[in-house]
Amino acid sequence: MSREDYEIVIGLEVHAELSTKTKIFCNCSTEFGADPNTHVCPVCMAMPGTLPVLNEKVVEYAVKAGLATGCEISRDSKNDRKNYFYPDLPKSYQISQFDKPLCEHGKVEIEEDGEKKIIGITRIHIEEDAGKLNHNEFGGGSLVDLNRAGVPLIEIVSEPDMRSAKDAENYLKKIKSILEYIEVSDCKMQEGSLRADVNVSVRKKGAKEFGTRTEMKNMNSFRSIVRAIEYESERQIDVLEDGGIITQETLRWDDVSGKTFTMRDKEDAQDYRYFPEPDLVAIRLSEEYIENIKNNLPELPESRKERYLKEYNLSEKDSKMLTASKYLSNMFEQALAICGNAKAVANWLLSDVSRILNEKEIEPDQIPFTAEQLAKMIELIEKGTISSAIGKKVLEELFENPRNPEEIIKEKGWIQISDEGAIKEVVAKILQNNPQSIADFKAGKDRALGFLVGQAMKETKGKANPQMLNKMFLEELNK
Amino acid sequence: MDITELTVHELAQKIENKELTITEITKAYVDRINEKEQDVQAFVTTLTDEALKSAKTIEERKANGEIKSQFAGIPIGIKDNICTKGIKTTCSSKMLENFVAPYNATVVEKLNDENLITLGKLNMDEFAMGSSTETSYFKKTKNPWNLNTVPGGSSGGSAAAVAANLVPWALGSDTGGSIRQPASLCGVVGLKPTYGLVSRYGLVAFASSLDQIGPITKDVKDSAILLNIISGHDEKDSTSANLPKKDYTKALKNDIKGLKIGVPKQYFGEGINSEVKAKIEEAIQKYKELGAIVEECSLDIADYALATYYIIACAEASSNLGRFDGIRYGYRAENYSNLKELFKNSRSEGFGDEVKRRIILGTYVLSSGYYDAYYKKANQVRTLVKQAFDEAFEKYDVLLTPTSPTVAFEIGSKSNNPLELYLADICTVSINIAGLPGISIPCGVDSNGMPIGMQLIGNSFAEETILNAAYTYEQATNFREKYKPTFKGGAQ
């Protein structure tokens, strides 16, 4: 049989850190990047006798996420203990939710090449993050940092509805976009605030039963998720083609070698001994509470996209691309409010800005300049102070050292030459040096004009006003 | 006048009347500890010097009018599983031998608000697991009525200290009878409040859904006073009830005419010592004389309470005690070659046998494949136990039972038979399972002069009813005037 006879089946468990100010069970800050063990207290360090108190914001954020992904919200829910020993887990149990999650039975829509697909969401539950082990560079074991212990998480478990690495990428992007829109998580993958456990299995096309799955834990970049799925599905097909069987196991994806390695197999599977958390009371949500959150849900990517189509006459594709990222789309709206030119802002964001983001391998939330700076640059082009060509250079500069575009062009001497006398001089010089072009133009070859303008731009290092050049060349040629 | 014989309300009255000073009282207790602690062995940590210093300060501040509380300067003992900032909290375990909490339990904050003086931290069964205080890593506390016998447990240090007048009152904790049973064995009053009435914040957890802190006192009025001080909603404990504060001393009316008392026959079956039974029957007679309506009743499900209790309590304990892993605080094994060994050796060396036994039991009943048969089943029975009590309280105001099936037994006599020792809790555990309040008060002594206690059980948050019932009986019988601990036996 060949690879084409197999179908890949993927399910994702996405962990998103919630952007509450304080931790899930105490008042410690959730801020990222502090010195080790500075955002800790007796509760999140699990000192004896301390008790958890549930942060109500966490419930609110999880309900928001549930509503934004079409989930049913449980009126009765509870917390459970998941017991296991690890140095980064101070209580030796994680407070999570086992059989009564806050949200269930949701779905999101993904799209690839115009083809839409529904990915089911099994459940969303709340839980606490663990701390972190830092390898001790001075030798002798590891050091425990509990700043992250107790940072609230939601775990979003998908149905095994994805059939390709691309599906998984689109699904994760969709989830990220929704969480950003409803402002419950900053979804900074590089800081680990969005990460996914990826379950992969393969089966013969048309088969009813799923194949045995393997799980890859704690993946935190789109690129490695895609590569890991591609590698792992290939590996599983190879094993099956060779007459082998897939073992259910937890794997570690190694980005450097591009391979998966066994972390633990089913035999060492932990028995987490889940049981209801007796230190917390049941979570009971009223209709009114849920209704209130529903009514205050911010605009989601889908409806924002529709609005862009209607209000700004943007294309379907552009609207979709802009709204995929809340940061990009917010920047669009903010810049638009200043300069008033939707098409121009959309073009800049989707072409040059996106190109540079790709080159730099960074996400829209890491754009260093402000919407105002972008809008200023567009205004400078519209006013004719700079050309589009210079605009591109200004943009590069905004990525390197963001500041007021007016300052940039002044400093760099990029102000457009719109002085009639100066333009005239350039036009005269170019015409003098290109008699053949004059002849061509007169012979009816319109392209010659473009060539001449290009030469003039080159001569002025892109600073000449192209409209004026055009006009003046025409005047001279038609004399 | 022997100051240490006085109850707290008597001491407060004498301070008020300027018959006694705070320093005199504290000094009397320090002297008493110096004299008797060597026999009783009730303390893990004594704070006598600190107490004398505090007495002086509080006296001055009270004279200045800075402190108003009428109980300011009254000494108290605290069970060693209740966290005290800057003072060791050991849970009588090698695991926490040197553990000093950087915070106070909420109840300790409340004692401090009243400016009570802590005389020390009191011995207990390791992590409150036991009914004799014999599982303490540090010492075996003796029963002041007979130094060859146990004080009961797990709050054995607290009960023995109160009985021996080493402290005027003490805090204990009760998961399955750990306040009431030692109170009974030591001839003092012990109250387990309704689950949620007293904050558990800072109480080192044994079984979170069962644990409650409560008073161990010389008489019922002192229990009401101490309950006034320690009860109340706490934002730090999600399971603490948000109810208006009450003055429990107002419930002590010395009148129980018309009170309906049910006597569940299941608590008088096999294993209940005949002398205990006889004294309880005398108490029932007394209640009738005092105008109560007493009826025999039935709580069938009570037969399953002990098994249910040991499953739930051990399950929760196995999880609660996981945090003692040698990583952040507490005992860490000296020898280990990897992470697994660090965990394993620290826990193997740091915990005693009874604690390990219960962790293993608890781990077993929660493990996959056994959960449904044990933990889940136990919780179903728990619901039935609650329902049975609910039904009983539709008919009765109070249920009356023995507190302990026997009087204090000899040290070492049951320590090799854990199951027999578990039976010591047979009368008390169902109250924890149902979350109800229960009080143990002395109701006589056996032929060897050892105290016998009876338990009065109330409906949820009906502490006032059982306090009044206990108080009325106490006023009519005067146990404290008739019987005193003899300190017989032991080394002397």
# chains A, B, ... in the order shown; residues from 1 in each chain; ligands from 1
call {"tool": "interface_residues", "arguments": {"of": "chain A", "to": "chain B", "cutoff": "8 Å", "atoms": "only C-alpha atoms", "output": "PyMOL selection string"}}
result
chain A and resi 42+46-53+83+85+87+90-93+271-275+278-281
call {"tool": "residues_around", "arguments": {"residues": "segment 319-330 of chain A", "least_positions_apart": "2", "cutoff": "8 Å", "atoms": "only C-alpha atoms", "output": "list in words"}}
result
Lys173, Lys174, Ser177, Glu180, Tyr181, Pro301, Glu302, Arg304, Lys305, Glu306, Tyr308, Leu309, Leu314, Ser315, Glu316, Lys317, Phe332, Glu333, Gln334, Ala346, Leu349, Leu350, Pro364 and Asp365 of chain A
call {"tool": "write_last_selection", "arguments": {"atoms": "N, CA, C and O atoms", "output": "mmCIF file, in the first residue's frame"}}
result
data_model
loop_
_atom_site.group_PDB
_atom_site.id
_atom_site.type_symbol
_atom_site.label_atom_id
_atom_site.label_comp_id
_atom_site.auth_asym_id
_atom_site.auth_seq_id
_atom_site.Cartn_x
_atom_site.Cartn_y
_atom_site.Cartn_z
ATOM 1 N N LYS A 173 -4.386 28.156 15.096
ATOM 2 C CA LYS A 173 -4.411 29.595 14.790
ATOM 3 C C LYS A 173 -5.778 30.170 15.129
ATOM 4 O O LYS A 173 -5.889 31.277 15.656
ATOM 5 N N LYS A 174 -6.804 29.382 14.825
ATOM 6 C CA LYS A 174 -8.167 29.843 15.084
ATOM 7 C C LYS A 174 -8.384 30.006 16.602
ATOM 8 O O LYS A 174 -8.909 31.021 17.050
ATOM 9 N N SER A 177 -6.518 32.975 17.835
ATOM 10 C CA SER A 177 -7.179 34.207 17.438
ATOM 11 C C SER A 177 -8.404 34.481 18.316
ATOM 12 O O SER A 177 -8.602 35.602 18.796
ATOM 13 N N GLU A 180 -7.332 35.557 21.789
ATOM 14 C CA GLU A 180 -6.827 36.933 21.769
ATOM 15 C C GLU A 180 -7.978 37.924 21.685
ATOM 16 O O GLU A 180 -7.997 38.932 22.376
ATOM 17 N N TYR A 181 -8.937 37.623 20.826
ATOM 18 C CA TYR A 181 -10.082 38.527 20.658
ATOM 19 C C TYR A 181 -10.861 38.724 21.942
ATOM 20 O O TYR A 181 -11.265 39.821 22.274
ATOM 21 N N PRO A 301 -13.548 37.171 15.528
ATOM 22 C CA PRO A 301 -12.952 37.329 14.197
ATOM 23 C C PRO A 301 -13.975 37.209 13.065
ATOM 24 O O PRO A 301 -13.930 38.014 12.115
ATOM 25 N N GLU A 302 -14.894 36.269 13.166
ATOM 26 C CA GLU A 302 -15.866 36.071 12.089
ATOM 27 C C GLU A 302 -16.672 37.336 11.809
ATOM 28 O O GLU A 302 -16.800 37.776 10.674
ATOM 29 N N ARG A 304 -16.035 40.355 12.776
ATOM 30 C CA ARG A 304 -15.190 41.475 12.379
ATOM 31 C C ARG A 304 -14.896 41.386 10.875
ATOM 32 O O ARG A 304 -14.900 42.382 10.166
ATOM 33 N N LYS A 305 -14.673 40.183 10.401
ATOM 34 C CA LYS A 305 -14.397 39.965 8.982
ATOM 35 C C LYS A 305 -15.576 40.456 8.131
ATOM 36 O O LYS A 305 -15.399 41.184 7.158
ATOM 37 N N GLU A 306 -16.775 40.088 8.563
ATOM 38 C CA GLU A 306 -17.977 40.506 7.831
ATOM 39 C C GLU A 306 -18.066 42.031 7.769
ATOM 40 O O GLU A 306 -18.432 42.615 6.753
ATOM 41 N N TYR A 308 -15.592 44.141 7.893
ATOM 42 C CA TYR A 308 -14.579 44.697 6.988
ATOM 43 C C TYR A 308 -15.046 44.617 5.543
ATOM 44 O O TYR A 308 -14.823 45.530 4.748
ATOM 45 N N LEU A 309 -15.711 43.488 5.226
ATOM 46 C CA LEU A 309 -16.223 43.319 3.866
ATOM 47 C C LEU A 309 -17.185 44.450 3.539
ATOM 48 O O LEU A 309 -17.108 45.075 2.486
ATOM 49 N N LEU A 314 -13.208 45.798 1.670
ATOM 50 C CA LEU A 314 -12.002 44.992 1.492
ATOM 51 C C LEU A 314 -12.401 43.654 0.893
ATOM 52 O O LEU A 314 -13.551 43.236 1.002
ATOM 53 N N SER A 315 -11.443 42.996 0.273
ATOM 54 C CA SER A 315 -11.756 41.695 -0.333
ATOM 55 C C SER A 315 -11.951 40.658 0.772
ATOM 56 O O SER A 315 -11.509 40.849 1.909
ATOM 57 N N GLU A 316 -12.595 39.548 0.438
ATOM 58 C CA GLU A 316 -12.805 38.433 1.354
ATOM 59 C C GLU A 316 -11.461 37.976 1.927
ATOM 60 O O GLU A 316 -11.288 37.797 3.132
ATOM 61 N N LYS A 317 -10.487 37.839 1.028
ATOM 62 C CA LYS A 317 -9.184 37.317 1.427
ATOM 63 C C LYS A 317 -8.481 38.293 2.390
ATOM 64 O O LYS A 317 -7.974 37.894 3.443
ATOM 65 N N PHE A 332 -4.831 47.703 12.297
ATOM 66 C CA PHE A 332 -5.539 48.183 11.112
ATOM 67 C C PHE A 332 -6.561 49.253 11.503
ATOM 68 O O PHE A 332 -6.600 50.338 10.934
ATOM 69 N N GLU A 333 -7.363 48.931 12.513
ATOM 70 C CA GLU A 333 -8.427 49.860 12.886
ATOM 71 C C GLU A 333 -7.880 51.158 13.477
ATOM 72 O O GLU A 333 -8.384 52.240 13.198
ATOM 73 N N GLN A 334 -6.828 51.021 14.259
ATOM 74 C CA GLN A 334 -6.253 52.222 14.871
ATOM 75 C C GLN A 334 -5.609 53.127 13.829
ATOM 76 O O GLN A 334 -5.779 54.343 13.843
ATOM 77 N N ALA A 346 -4.611 48.429 4.823
ATOM 78 C CA ALA A 346 -4.708 46.983 4.622
ATOM 79 C C ALA A 346 -3.561 46.499 3.750
ATOM 80 O O ALA A 346 -2.913 45.485 4.053
ATOM 81 N N LEU A 349 -0.254 46.483 5.691
ATOM 82 C CA LEU A 349 -0.187 45.430 6.713
ATOM 83 C C LEU A 349 -0.054 44.046 6.091
ATOM 84 O O LEU A 349 0.713 43.211 6.559
ATOM 85 N N LEU A 350 -0.814 43.823 5.005
ATOM 86 C CA LEU A 350 -0.848 42.465 4.450
ATOM 87 C C LEU A 350 0.318 42.182 3.516
ATOM 88 O O LEU A 350 0.676 41.021 3.319
ATOM 89 N N PRO A 364 2.397 38.974 14.963
ATOM 90 C CA PRO A 364 1.924 40.361 14.920
ATOM 91 C C PRO A 364 1.994 41.078 16.269
ATOM 92 O O PRO A 364 2.199 42.291 16.304
ATOM 93 N N ASP A 365 1.837 40.321 17.393
ATOM 94 C CA ASP A 365 1.874 41.012 18.681
ATOM 95 C C ASP A 365 3.270 41.515 19.009
ATOM 96 O O ASP A 365 3.460 42.257 19.964
#
call {"tool": "select_by_dssp", "arguments": {"residues": "segment 227-361 of chain B", "states": "strand (DSSP E or B)", "output": "MDAnalysis selection string"}}
result
chainID B and resid 231 260:264 293:297
call {"tool": "write_last_selection", "arguments": {"atoms": "C-alpha atoms", "output": "compact mmCIF listing (two decimals), in the first residue's frame"}}
result
# COMPACT_ATOMS: atom_id res chain seq x y z
CA SER B 231 -15.58 30.76 64.93
CA LYS B 260 -35.97 15.98 72.73
CA ILE B 261 -33.05 13.61 73.06
CA GLY B 262 -32.64 10.57 70.83
CA VAL B 263 -30.44 7.71 71.93
CA PRO B 264 -29.36 5.71 68.88
CA ILE B 293 -37.81 13.79 76.64
CA VAL B 294 -35.47 10.87 75.97
CA GLU B 295 -36.23 8.13 73.45
CA GLU B 296 -34.31 5.27 71.98
CA CYS B 297 -33.90 5.66 68.25
call {"tool": "atom_distance", "arguments": {"atom1": "atom CA of Thr403 of chain B", "atom2": "atom CA of Arg180 of chain B"}}
result
6.6 Å
call {"tool": "select_by_dssp", "arguments": {"residues": "segment 284-314 of chain B", "states": "helix (DSSP H, G or I)", "output": "VMD selection string"}}
result
chain B and resid 284 to 289 300 to 314
call {"tool": "residues_around", "arguments": {"residues": "segment 294-300 of chain A", "least_positions_apart": "2", "cutoff": "8 Å", "atoms": "only C-alpha atoms", "output": "mmCIF file with N, CA, C and O atoms, in the first residue's frame"}}
result
data_model
loop_
_atom_site.group_PDB
_atom_site.id
_atom_site.type_symbol
_atom_site.label_atom_id
_atom_site.label_comp_id
_atom_site.auth_asym_id
_atom_site.auth_seq_id
_atom_site.Cartn_x
_atom_site.Cartn_y
_atom_site.Cartn_z
ATOM 1 N N LYS A 64 -16.074 32.634 29.092
ATOM 2 C CA LYS A 64 -15.931 33.429 27.870
ATOM 3 C C LYS A 64 -15.392 32.568 26.729
ATOM 4 O O LYS A 64 -15.921 32.588 25.618
ATOM 5 N N LEU A 67 -18.045 30.184 25.568
ATOM 6 C CA LEU A 67 -19.089 30.811 24.753
ATOM 7 C C LEU A 67 -18.563 31.178 23.367
ATOM 8 O O LEU A 67 -19.262 31.050 22.378
ATOM 9 N N ALA A 68 -17.292 31.604 23.301
ATOM 10 C CA ALA A 68 -16.715 32.008 22.021
ATOM 11 C C ALA A 68 -16.429 30.815 21.118
ATOM 12 O O ALA A 68 -16.163 30.975 19.935
ATOM 13 N N ILE A 178 -9.187 33.446 18.579
ATOM 14 C CA ILE A 178 -10.386 33.635 19.419
ATOM 15 C C ILE A 178 -9.988 34.069 20.839
ATOM 16 O O ILE A 178 -10.539 35.020 21.393
ATOM 17 N N TYR A 181 -8.937 37.623 20.826
ATOM 18 C CA TYR A 181 -10.082 38.527 20.658
ATOM 19 C C TYR A 181 -10.861 38.724 21.942
ATOM 20 O O TYR A 181 -11.265 39.821 22.274
ATOM 21 N N ILE A 182 -11.100 37.634 22.658
ATOM 22 C CA ILE A 182 -11.913 37.766 23.872
ATOM 23 C C ILE A 182 -11.054 38.162 25.071
ATOM 24 O O ILE A 182 -11.535 38.293 26.182
ATOM 25 N N ILE A 290 -24.178 33.662 33.208
ATOM 26 C CA ILE A 290 -23.739 33.224 31.874
ATOM 27 C C ILE A 290 -24.258 34.192 30.806
ATOM 28 O O ILE A 290 -23.522 34.594 29.903
ATOM 29 N N GLU A 291 -25.511 34.593 30.962
ATOM 30 C CA GLU A 291 -26.137 35.521 30.021
ATOM 31 C C GLU A 291 -25.360 36.833 29.966
ATOM 32 O O GLU A 291 -25.104 37.380 28.895
ATOM 33 N N ASN A 292 -24.958 37.284 31.133
ATOM 34 C CA ASN A 292 -24.221 38.539 31.243
ATOM 35 C C ASN A 292 -22.883 38.471 30.508
ATOM 36 O O ASN A 292 -22.494 39.394 29.797
ATOM 37 N N GLU A 302 -14.894 36.269 13.166
ATOM 38 C CA GLU A 302 -15.866 36.071 12.089
ATOM 39 C C GLU A 302 -16.672 37.336 11.809
ATOM 40 O O GLU A 302 -16.800 37.776 10.674
ATOM 41 N N SER A 303 -17.207 37.934 12.877
ATOM 42 C CA SER A 303 -18.080 39.084 12.658
ATOM 43 C C SER A 303 -17.260 40.318 12.267
ATOM 44 O O SER A 303 -17.721 41.164 11.513
ATOM 45 N N ARG A 304 -16.035 40.355 12.776
ATOM 46 C CA ARG A 304 -15.190 41.475 12.379
ATOM 47 C C ARG A 304 -14.896 41.386 10.875
ATOM 48 O O ARG A 304 -14.900 42.382 10.166
#
call {"tool": "residues_around", "arguments": {"residues": "Glu50 of chain B", "least_positions_apart": "2", "cutoff": "9 Å", "atoms": "only C-alpha atoms", "output": "PyMOL selection string"}}
result
chain B and resi 47-48+52-55+117-119
call {"tool": "closest_residue", "arguments": {"among": "B:Ile359, B:Ala160, B:Leu423, B:Ala302", "to": "Val381 of chain B", "atoms": "only C-alpha atoms"}}
result
B:Ala302
call {"tool": "residues_around", "arguments": {"residues": "Lys57 of chain A", "least_positions_apart": "4", "cutoff": "9 Å", "atoms": "only C-alpha atoms", "output": "JSON, numbers by chain"}}
result
{"A": [20, 24, 61, 62]}
call {"tool": "write_last_selection", "arguments": {"atoms": "N, CA and C atoms", "output": "compact mmCIF listing (two decimals), in the first residue's frame"}}
result
# COMPACT_ATOMS: atom_id res chain seq x y z
N THR A 20 -5.26 36.67 33.80
CA THR A 20 -5.73 37.31 35.03
C THR A 20 -4.53 37.95 35.72
N ILE A 24 -4.57 31.51 40.23
CA ILE A 24 -5.91 30.91 40.31
C ILE A 24 -6.37 30.68 41.76
N TYR A 61 -13.28 33.92 32.67
CA TYR A 61 -12.50 33.82 31.44
C TYR A 61 -12.77 32.49 30.74
N ALA A 62 -12.88 31.42 31.52
CA ALA A 62 -13.11 30.11 30.92
C ALA A 62 -14.50 30.06 30.28
